[in-house]
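Q: A single structure is presented below for examination.
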Amino acid sequence: MNNYPNNPGQKQLTKESVFHFLKNHWVNLVFILLAVLLIILSFTFVSHEFFSRLSYEFSQPYTADHSLYMAVGKGMAEGKIPYIDMYENKPPMIFIVCYLSYIMTGDYYLVSLFSAFSMIGIVVLPVLFLVIKCRREKASLSVMLMMLSSLFGVIVLLSCYGEKRSGEGQVELQGAFFNLLSLFFAFLIKEEKRSFSNPFLYLSGLFLGVSFFYKEPFGLLGAFFLLFMVKDVKDLIYRFLLIGGVALFFCLVILLSTRSFVPYFTIYLKNMFGSHVSIYGPPLERVFHVSKISEDLYKFSRHLGLFLHILFALDILFIFYRFIQKERNLKGLLYCIKDEFLVLFTLILSVFMVGLGGQYYNHHYIFALPYEVILIFLFMEYFPYHANLHSPEENKIVQIILPHLSKGLLSMFALFMVIITGIAFRNTEQVFSYQATIDQTTKMKNDAKYLDLVLDTLDKDSYQYIGFNGFTPVGYTKHSAMGPAFAQDANNFQDETNFFCTSFMDQLSKVDIIVFRFYNIGVIKEKAETYINENFTRIKPQAIIDLDHNDEFASSYWDTFRNSYSLYYRR
């Protein structure tokens, strides 16, 4: 028996109070229950695909470019300078991640973790955005859950698309995530808390700088995306100029700390603009190739393109609706025009960035991924959470019915999106073999192990790799590959007097071991081939014959290694 007196200010839960609550809120409860069921259904559709790809990223797979990033990161750990000592056509961020992973773990697992976390982050950020936006708008729980059920499948589908096009440690997926993270922190800056002491300002600028140095287009796109949040002069200062200033400062720190400030401009950017950007014709010719983005989305999933086209149209509509309902004045009109223009301009800019190099490789399409997620952000930002569907003159019954009718329409939209999600995930592009990539990664490590045995036997510190990208041993050997031209991109070898051609010939004169795969050295192929034939031989020294005969690993693996590479020894 309870002898404690009841708190007179505390409401007692009785059958009558429960009945009264259900009577007044049963419609909202029905919508909440329906939304939860749709979220569960959507999660059921997407879970297998998403978690399969996520577990694959945790298994440490690599792409054809990854050994190049690893070689530069390992070189940095040995005191080498990016671009001068080890050259690869990327900004320094991926090299820094490889460097940190190498010194922390002795391997490159951190790169795979970043890809996995990027997949997760691309899903989590829009969900957090929706929750915060609904709290700011004081939207009902039923509306928030119905919105989530509508968009959850699209969000996960975009994350899987990003992994398919640029997973396995490739830079674009990670750059896209940090780009979106920058925008999210800019969104967290409230109007009443815009000040120099706001930590979100510095976090937004930091991650914008990180995305810029994963791939420069992300930083440029991110700067224009920030303009969506500019509503007044103070926003222009805090959410654009200051965030951009922090990003530039971070980039300067990165260049100075890696000692690559000068070579970034004089070697890397000079080469990119001189030998890569215009190789397939003037970049401006590719500005309006919007169809290529749509085709790639449809190639991955027939319905992903449909989702995004619907969101694009609704964003345009909701931006105008916000002006009509809330901001019907000159200032509101200017902001409406600004946002409508930005939706179109950032689309064109994203298309331009995808086609900037002209190759339209699979991972290049991820330059448009932030824009595709921004369409979801804009849908959440401008959705009419409290649509004025009735006027005071209408009778009481109409005023009661119409708000529920608006939720009913949202429920129908959510049901449509969930059904299409289920169909979409049954038809996603499945053209890769997880095991094949893992097997290639294992072989790459074994190739490096055998090559290290050869170099140790001959007491050599370095070697010259001749070939390009792929699952090559250059990132995994304990011995350093000779640089800066440690791997050769034919686009870099178009002039015998340029940095790459002269460096490569100088490297040949200093090295005693060549690991040969194929020539990819443009105009100096004949010159280099003549030098190698005159100064090197493929005949194994007696020490290597003994190694291949006596060492347990070498005796079982040397034939496998030579199926992929030829070893040349200085005469």
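FYI, nothing fancy with the structure tokens labels: chains A, B, ... in order, residues from 1 per chain, ligands from 1 as they appear.
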Excluding segment 63-66 of chain A and any residue of its chain fewer than 3 positions from it, enumerate the residues within 6 Å of it, using only C-alpha atoms, and give them as a VMD selection string.
A: chain A and resid 69 168 469 to 471
Q: Excluding Pro370 of chain A and residues on its chain fewer than 6 positions from it, collect all residues at most 12 Å away from it, counting only C-alpha atoms, and give them as an MDAnalysis selection string.
A: chainID A and resid 122 125:126 155 158:159 162 172:184 211 217:225 346:347 349:351 353:354 376:378
Q: Neighbouring residues of Ala71 of chain A were defined as those with any atom within 10 Å, considering only C-alpha atoms; residues of the same chain fewer than 6 positions away were excluded. Please report them as a list in words.
A: Ala77, Met86, Tyr87, Glu88, Phe95, Cys98, Tyr99, Pro473, Val474, Gly475, Tyr476, Thr477, Ser480, Ala481, Gly483, Phe486 and Ala487 of chain A
Q: Atom CA of Leu547 of chain A to atom CA of Thr442 of chain A: how many Å, to one decimal?
A: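 Computing the Euclidean distance for atom CA of Leu547 of chain A and atom CA of Thr442 of chain A yields 21.8 Å.
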Q: For Met229 of chain A, which residue out of A:Asp512, A:Asn198, A:Asp339, A:Arg571 is the nearest one, using only C-alpha atoms?
A: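 Using only C-alpha atoms, the shortest distance to Met229 of chain A belongs to A:Asp339.
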Q: Between atom CA of Met417 of chain A and atom CA of Gly153 of chain A, what is the distance, to one decimal in Å?
A: 7.7 Å
Q: Just list the residues in segment 247-286 of chain A DSSP gives alpha helix (DSSP H) on the backbone, as a list in words.
A: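 DSSP on the backbone gives alpha helix (DSSP H) at Ala247, Leu248, Phe249, Phe250, Cys251, Leu252, Val253, Ile254, Leu255, Leu256, Ser257, Phe261, Val262, Pro263, Lys270 and Asn271 of chain A.
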Q: Record the distance separating atom CA of Tyr519 of chain A and atom CA of Gly467 of chain A, expressed in Å with one decimal.
A: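 Value for the atom CA of Tyr519 of chain A-atom CA of Gly467 of chain A distance: 5.8 Å.
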Q: Taking into account only C-alpha atoms, which residue in the set A:Phe152, A:Tyr62, A:Phe468, A:Phe352 is nearest to Phe45 of chain A?
A: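 For Phe45 of chain A, the nearest of the candidates is A:Phe152.
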Q: Per residue of segment 54-163 of chain A within 12 Å of segment 448-465 of chain A, record the nearest atom pair and its distance in Å to one decimal, counting only C-alpha atoms, with rows in chain order and ascending residue number, as CSV.
A:
```
residue,atom,partner,partner_atom,distance
A:Ser67,CA,A:Ala448,CA,11.0
A:Leu68,CA,A:Tyr465,CA,11.3
A:Ala71,CA,A:Tyr465,CA,11.4
A:Gly75,CA,A:Ser462,CA,11.8
```
